[in-house]
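Next comes my_file.pdb, a file with PDB, C-alpha atoms and all ligand atoms.
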```pdb
ATOM      1  CA  MET A  41     -47.237   9.028  63.217
ATOM      2  CA  ASN A  42     -45.589  11.572  61.010
ATOM      3  CA  ASN A  43     -44.967  14.951  62.555
ATOM      4  CA  ARG A  44     -44.806  16.971  59.359
ATOM      5  CA  ILE A  45     -48.052  15.503  58.079
ATOM      6  CA  ASP A  46     -49.753  15.934  61.439
ATOM      7  CA  LYS A  47     -48.660  19.523  61.706
ATOM      8  CA  LEU A  48     -49.961  20.493  58.278
ATOM      9  CA  ALA A  49     -53.172  18.551  58.846
ATOM     10  CA  GLN A  50     -53.722  20.523  62.043
ATOM     11  CA  LEU A  51     -53.519  23.764  60.076
ATOM     12  CA  PHE A  52     -56.142  22.544  57.604
ATOM     13  CA  GLU A  53     -58.313  21.435  60.482
ATOM     14  CA  SER A  54     -58.712  25.052  61.537
ATOM     15  CA  PHE A  55     -60.443  25.819  58.194
ATOM     16  CA  PRO A  56     -64.212  26.307  58.465
ATOM     17  CA  GLY A  57     -66.116  23.055  58.142
ATOM     18  CA  ILE A  58     -63.011  20.861  57.858
ATOM     19  CA  GLY A  59     -62.638  17.853  60.116
ATOM     20  CA  LYS A  60     -59.640  15.657  60.974
ATOM     21  CA  ARG A  61     -60.097  13.221  58.092
ATOM     22  CA  GLN A  62     -60.601  15.876  55.437
ATOM     23  CA  ALA A  63     -57.572  17.766  56.749
ATOM     24  CA  ARG A  64     -55.389  14.681  56.256
ATOM     25  CA  ARG A  65     -56.821  14.165  52.774
ATOM     26  CA  PHE A  66     -55.698  17.684  51.890
ATOM     27  CA  VAL A  67     -52.157  16.885  52.998
ATOM     28  CA  TYR A  68     -52.015  13.696  50.904
ATOM     29  CA  PHE A  69     -53.557  15.545  47.978
ATOM     30  CA  LEU A  70     -50.737  18.101  48.178
ATOM     31  CA  LEU A  71     -48.097  15.376  48.410
ATOM     32  CA  HIS A  72     -49.317  14.112  45.047
ATOM     33  CA  LYS A  73     -49.095  17.517  43.388
ATOM     34  CA  ASP A  74     -46.056  18.774  41.489
ATOM     35  CA  ASN A  75     -43.847  21.638  42.647
ATOM     36  CA  GLY A  76     -45.459  24.127  40.246
ATOM     37  CA  TYR A  77     -48.824  23.660  41.904
ATOM     38  CA  ILE A  78     -47.316  23.955  45.393
ATOM     39  CA  HIS A  79     -45.521  27.125  44.353
ATOM     40  CA  ASP A  80     -48.714  28.700  42.938
ATOM     41  CA  LEU A  81     -50.637  27.763  46.040
ATOM     42  CA  THR A  82     -48.112  29.082  48.551
ATOM     43  CA  THR A  83     -47.419  32.340  46.673
ATOM     44  CA  GLY A  84     -51.172  32.744  46.204
ATOM     45  CA  ILE A  85     -51.645  32.582  49.964
ATOM     46  CA  ILE A  86     -48.763  34.976  50.656
ATOM     47  CA  ASN A  87     -49.971  37.451  48.007
ATOM     48  CA  VAL A  88     -53.576  37.434  49.148
ATOM     49  CA  LYS A  89     -52.404  38.329  52.647
ATOM     50  CA  SER A  90     -50.137  41.138  51.494
ATOM     51  CA  GLU A  91     -52.404  42.645  48.807
ATOM     52  CA  ILE A  92     -55.797  42.444  50.473
ATOM     53  CA  ASP A  93     -57.032  44.699  53.270
ATOM     54  CA  GLN A  94     -60.072  44.502  55.476
ATOM     55  CA  CYS A  95     -62.323  47.556  55.400
ATOM     56  CA  HIS A  96     -62.493  49.369  58.737
ATOM     57  CA  GLU A  97     -66.156  50.214  58.175
ATOM     58  CA  CYS A  98     -67.871  47.187  56.618
ATOM     59  CA  TYR A  99     -65.200  44.528  57.333
ATOM     60  CA  ARG A 100     -65.166  43.222  53.797
ATOM     61  CA  PHE A 101     -61.921  42.275  52.088
ATOM     62  CA  PHE A 102     -60.723  44.501  49.261
ATOM     63  CA  THR A 103     -57.601  45.054  47.175
ATOM     64  CA  LYS A 104     -55.330  47.486  49.011
ATOM     65  CA  THR A 105     -55.762  51.100  47.959
ATOM     66  CA  GLY A 106     -53.846  52.789  50.755
ATOM     67  CA  LYS A 107     -57.121  53.787  52.410
ATOM     68  CA  ASP A 108     -58.665  52.172  55.481
ATOM     69  CA  VAL A 109     -62.107  52.126  53.922
ATOM     70  CA  CYS A 110     -63.261  50.317  50.773
ATOM     71  CA  ASP A 111     -64.749  51.973  47.682
ATOM     72  CA  THR A 112     -68.232  50.663  48.409
ATOM     73  CA  CYS A 113     -68.259  52.412  51.783
ATOM     74  CA  ILE A 114     -66.929  55.618  50.251
ATOM     75  CA  ASN A 115     -69.491  55.531  47.412
ATOM     76  CA  HIS A 116     -72.428  54.883  49.735
ATOM     77  CA  GLU A 117     -71.405  57.399  52.345
ATOM     78  CA  HIS A 118     -74.700  59.300  51.960
ATOM     79  CA  SER A 119     -77.085  56.363  52.127
ATOM     80  CA  ASN A 120     -79.138  55.985  55.304
ATOM     81  CA  GLN A 121     -79.604  52.218  54.903
ATOM     82  CA  LEU A 122     -77.277  49.616  56.394
ATOM     83  CA  MET A 123     -77.510  45.998  55.283
ATOM     84  CA  VAL A 124     -76.101  43.267  57.513
ATOM     85  CA  VAL A 125     -74.849  40.244  55.555
ATOM     86  CA  GLU A 126     -73.016  37.159  56.751
ATOM     87  CA  LYS A 127     -70.037  37.064  54.421
ATOM     88  CA  ASP A 128     -68.179  38.664  51.523
ATOM     89  CA  ALA A 129     -69.725  36.294  48.948
ATOM     90  CA  ASP A 130     -73.224  37.435  50.004
ATOM     91  CA  PHE A 131     -72.188  41.060  49.673
ATOM     92  CA  GLU A 132     -70.844  40.405  46.158
ATOM     93  CA  ASN A 133     -74.046  38.702  45.067
ATOM     94  CA  ILE A 134     -76.268  41.510  46.351
ATOM     95  CA  GLU A 135     -74.021  44.160  44.798
ATOM     96  CA  LYS A 136     -74.414  42.418  41.424
ATOM     97  CA  THR A 137     -78.192  42.885  41.481
ATOM     98  CA  LYS A 138     -77.763  46.674  41.780
ATOM     99  CA  VAL A 139     -81.134  46.735  43.518
ATOM    100  CA  TYR A 140     -79.607  47.949  46.770
ATOM    101  CA  ASP A 141     -77.678  51.169  46.921
ATOM    102  CA  GLY A 142     -76.726  51.470  50.563
ATOM    103  CA  LYS A 143     -74.117  50.620  53.145
ATOM    104  CA  TYR A 144     -73.040  47.182  54.287
ATOM    105  CA  PHE A 145     -71.779  45.402  57.343
ATOM    106  CA  ILE A 146     -70.211  41.949  57.015
ATOM    107  CA  LEU A 147     -71.065  39.980  60.131
ATOM    108  CA  GLY A 148     -68.365  37.374  59.560
ATOM    109  CA  GLY A 149     -70.440  34.441  60.861
ATOM    110  CA  PHE A 150     -73.540  33.575  62.804
ATOM    111  CA  ILE A 151     -74.242  33.778  66.502
ATOM    112  CA  ASN A 152     -73.804  30.252  67.834
ATOM    113  CA  PRO A 153     -77.044  28.951  69.426
ATOM    114  CA  ASN A 154     -74.801  27.154  71.925
ATOM    115  CA  GLU A 155     -73.717  30.054  74.112
ATOM    116  CA  LYS A 156     -70.669  28.182  75.360
ATOM    117  CA  LYS A 157     -69.263  27.874  71.865
ATOM    118  CA  ARG A 158     -67.379  30.628  70.148
ATOM    119  CA  SER A 159     -69.412  32.911  67.917
ATOM    120  CA  PHE A 160     -67.760  34.509  64.905
ATOM    121  CA  ALA A 161     -70.388  37.195  64.426
ATOM    122  CA  ARG A 162     -69.040  40.737  64.875
ATOM    123  CA  THR A 163     -71.820  41.737  67.218
ATOM    124  CA  GLU A 164     -69.845  44.296  69.225
ATOM    125  CA  GLN A 165     -68.489  45.950  66.097
ATOM    126  CA  LEU A 166     -71.996  46.139  64.632
ATOM    127  CA  ILE A 167     -73.385  47.790  67.764
ATOM    128  CA  HIS A 168     -70.497  50.254  67.743
ATOM    129  CA  ARG A 169     -71.112  51.102  64.067
ATOM    130  CA  ILE A 170     -74.869  51.588  64.515
ATOM    131  CA  LYS A 171     -74.323  53.686  67.620
ATOM    132  CA  ARG A 172     -71.995  56.037  65.792
ATOM    133  CA  ASP A 173     -74.080  56.189  62.597
ATOM    134  CA  THR A 174     -77.429  56.710  64.315
ATOM    135  CA  GLN A 175     -75.962  59.422  66.532
ATOM    136  CA  ASN A 176     -74.806  61.458  63.592
ATOM    137  CA  GLY A 177     -77.974  60.735  61.596
ATOM    138  CA  LYS A 178     -76.217  58.569  59.032
ATOM    139  CA  ILE A 179     -78.490  55.525  59.185
ATOM    140  CA  SER A 180     -82.207  55.143  59.733
ATOM    141  CA  GLU A 181     -82.883  51.612  58.431
ATOM    142  CA  LEU A 182     -81.146  48.349  59.176
ATOM    143  CA  ILE A 183     -81.787  45.526  56.706
ATOM    144  CA  PHE A 184     -81.065  41.922  57.623
ATOM    145  CA  GLY A 185     -79.701  40.379  54.426
ATOM    146  CA  LEU A 186     -79.107  36.900  55.802
ATOM    147  CA  SER A 187     -79.561  33.465  54.283
ATOM    148  CA  VAL A 188     -82.591  31.388  55.226
ATOM    149  CA  SER A 189     -81.357  28.737  57.656
ATOM    150  CA  PRO A 190     -81.879  27.972  61.366
ATOM    151  CA  GLU A 191     -78.483  29.528  62.259
ATOM    152  CA  ALA A 192     -79.207  32.685  60.271
ATOM    153  CA  GLU A 193     -82.694  32.967  61.767
ATOM    154  CA  HIS A 194     -81.327  32.524  65.281
ATOM    155  CA  THR A 195     -78.743  35.236  64.586
ATOM    156  CA  ARG A 196     -81.327  37.604  63.118
ATOM    157  CA  ILE A 197     -83.674  37.238  66.083
ATOM    158  CA  ARG A 198     -80.853  37.660  68.622
ATOM    159  CA  LEU A 199     -79.541  40.753  66.852
ATOM    160  CA  TYR A 200     -82.993  42.214  66.332
ATOM    161  CA  THR A 201     -83.914  41.772  70.012
ATOM    162  CA  MET A 202     -80.641  43.305  71.118
ATOM    163  CA  LEU A 203     -80.609  46.199  68.643
ATOM    164  CA  ARG A 204     -84.288  47.121  68.961
ATOM    165  CA  GLU A 205     -83.743  47.835  72.637
ATOM    166  CA  LYS A 206     -80.602  49.877  72.093
ATOM    167  CA  PHE A 207     -81.801  51.759  69.017
ATOM    168  CA  PRO A 208     -85.605  52.171  69.222
ATOM    169  CA  GLU A 209     -85.587  54.885  66.558
ATOM    170  CA  LEU A 210     -84.105  52.550  63.939
ATOM    171  CA  ILE A 211     -86.322  50.861  61.312
ATOM    172  CA  PHE A 212     -85.585  47.143  60.985
ATOM    173  CA  SER A 213     -86.375  45.138  57.894
ATOM    174  CA  THR A 214     -85.517  41.734  56.550
ATOM    175  CA  LEU A 215     -85.310  40.310  53.029
ATOM    176  CA  GLY A 216     -88.764  39.136  52.077
ATOM    177  CA  ARG A 217     -90.470  36.304  50.326
ATOM    178  CA  GLY A 218     -88.800  34.555  47.468
ATOM    179  CA  LEU A 219     -86.095  33.209  49.691
ATOM    180  CA  SER A 220     -87.230  29.790  50.810
ATOM    181  CA  THR A 221     -85.860  27.793  53.746
ATOM    182  CA  GLY A 222     -82.317  26.619  53.166
ATOM    183  CA  THR A 223     -81.570  29.455  50.773
ATOM    184  CA  GLU A 224     -77.949  30.538  50.712
ATOM    185  CA  LEU A 225     -77.698  34.164  49.674
ATOM    186  CA  GLU A 226     -74.392  33.427  48.045
ATOM    187  CA  TYR A 227     -76.095  31.150  45.505
ATOM    188  CA  SER A 228     -79.335  33.056  44.965
ATOM    189  CA  ASP A 229     -80.019  34.293  41.465
ATOM    190  CA  MET A 230     -80.472  37.937  40.665
ATOM    191  CA  GLU A 231     -84.261  37.908  40.194
ATOM    192  CA  THR A 232     -84.819  36.149  43.522
ATOM    193  CA  LEU A 233     -82.599  38.633  45.320
ATOM    194  CA  LYS A 234     -84.256  41.631  43.684
ATOM    195  CA  HIS A 235     -87.667  40.322  44.661
ATOM    196  CA  ALA A 236     -86.514  39.573  48.197
ATOM    197  CA  PHE A 237     -85.118  43.075  48.561
ATOM    198  CA  ASN A 238     -88.147  44.856  47.148
ATOM    199  CA  SER A 239     -90.554  42.847  49.286
ATOM    200  CA  ARG A 240     -88.533  43.180  52.472
ATOM    201  CA  ILE A 241     -90.591  43.062  55.594
ATOM    202  CA  THR A 242     -90.406  45.861  58.145
ATOM    203  CA  GLN A 243     -90.476  44.635  61.730
TER     204      GLN A 243
HETATM  205 ZN    ZN A 301     -66.236  48.946  53.328
END
```
Before anything else, please render the file you have as structure tokens.
Ligand SMILES: [Zn+2]
Amino acid sequence: MNNRIDKLAQLFESFPGIGKRQARRFVYFLLHKDNGYIHDLTTGIINVKSEIDQCHECYRFFTKTGKDVCDTCINHEHSNQLMVVEKDADFENIEKTKVYDGKYFILGGFINPNEKKRSFARTEQLIHRIKRDTQNGKISELIFGLSVSPEAEHTRIRLYTMLREKFPELIFSTLGRGLSTGTELEYSDMETLKHAFNSRITQ
């Protein structure tokens, strides 16, 4: 037992998708690296925390500008479409296609099918946002821009059921064909995403 190693391994274990064994491998990997690498890594972590902000509207991370809201939210202020995506990487990929010109909401994770387990999805924040934006006539369509996987599908159905009841006047749509099962939005090419957006299915 080595306390220092255990302690650092525990920190890595809290990373998404990292188990005990992988966490320890990270520690040993770092022990083999030179001081230059360790310095770059630690300052990189400190800098990313101090220079990056989270948008108060869409929850995506952006380089600090002194404002609470990111440029994408400011630029799409007049759109009446809101797209719900799982994570920042999905947002970036969709933005690249330029096929969608509306607002975003980063969910931050999926709703866990096991109700006892913690869910990272920002469900409450999403409801709050839709409530405010539908009340002042700012959104009329909600687009589910989620990957194609059982977890994403479970999340979409749960959200749809919940939101449809609360906001009956809202139009709900979901990215259409072209995205096959197991498709990660983050890795989808531009043509596929464009097609999926243009053939989105209204529910
Ligand atoms: Zn934003």
For the structure provided, state which residues fall under the PyMOL selection byres (((not hetatm)) within 8 of (chain A and resi 301)), and present them as a list in words. Gln94, Cys95, His96, Glu97, Cys98, Tyr99, Arg100, Val109, Cys110, Asp111, Thr112, Cys113, Ile114, Tyr144 and Phe145 of chain A
Just the selected residues (C-alpha atoms), exported as a JSON list (two decimals), keeping the file's coordinate frame, please.
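For reference, result_33.json as written:
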```
[["chain", "number", "residue", "atom", "x", "y", "z"],
["A", 94, "GLN", "CA", -60.07, 44.50, 55.48],
["A", 95, "CYS", "CA", -62.32, 47.56, 55.40],
["A", 96, "HIS", "CA", -62.49, 49.37, 58.74],
["A", 97, "GLU", "CA", -66.16, 50.21, 58.18],
["A", 98, "CYS", "CA", -67.87, 47.19, 56.62],
["A", 99, "TYR", "CA", -65.20, 44.53, 57.33],
["A", 100, "ARG", "CA", -65.17, 43.22, 53.80],
["A", 109, "VAL", "CA", -62.11, 52.13, 53.92],
["A", 110, "CYS", "CA", -63.26, 50.32, 50.77],
["A", 111, "ASP", "CA", -64.75, 51.97, 47.68],
["A", 112, "THR", "CA", -68.23, 50.66, 48.41],
["A", 113, "CYS", "CA", -68.26, 52.41, 51.78],
["A", 114, "ILE", "CA", -66.93, 55.62, 50.25],
["A", 144, "TYR", "CA", -73.04, 47.18, 54.29],
["A", 145, "PHE", "CA", -71.78, 45.40, 57.34]]
```
Pick out the closest residue to His118 of chain A from this set: A:Met202, A:Ile179, A:Val188, A:Ile197. Count only C-alpha atoms. A:Ile179
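Counting all atoms listed in the file, the residue from A:Thr163, A:Thr232, A:Gln62, A:Asn154 that sits nearest to Leu199 of chain A is A:Thr163.
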Skipping near chain neighbours, those fewer than 5 positions away, what residues fall within 9 Å of Asn238 of chain A using all atoms listed in the file, listed as a PDB file with C-alpha atoms, in the frame of the given file?
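See result-v7.pdb below for the written result:
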```pdb
ATOM      1  CA  VAL A 139     -81.134  46.735  43.518  1.00  0.00           C
ATOM      2  CA  LEU A 215     -85.310  40.310  53.029  1.00  0.00           C
ATOM      3  CA  GLY A 216     -88.764  39.136  52.077  1.00  0.00           C
ATOM      4  CA  LEU A 233     -82.599  38.633  45.320  1.00  0.00           C
TER       5      LEU A 233
END
```
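The space between atom CA of Val124 of chain A and atom CA of Lys143 of chain A spans 8.8 Å.
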Which residues are near Glu181 of chain A? Cut-off 6 Å, only C-alpha atoms, ignore same chain within fewer than 2 positions. Put them as a PyMOL selection string. chain A and resi 121+179+210-212
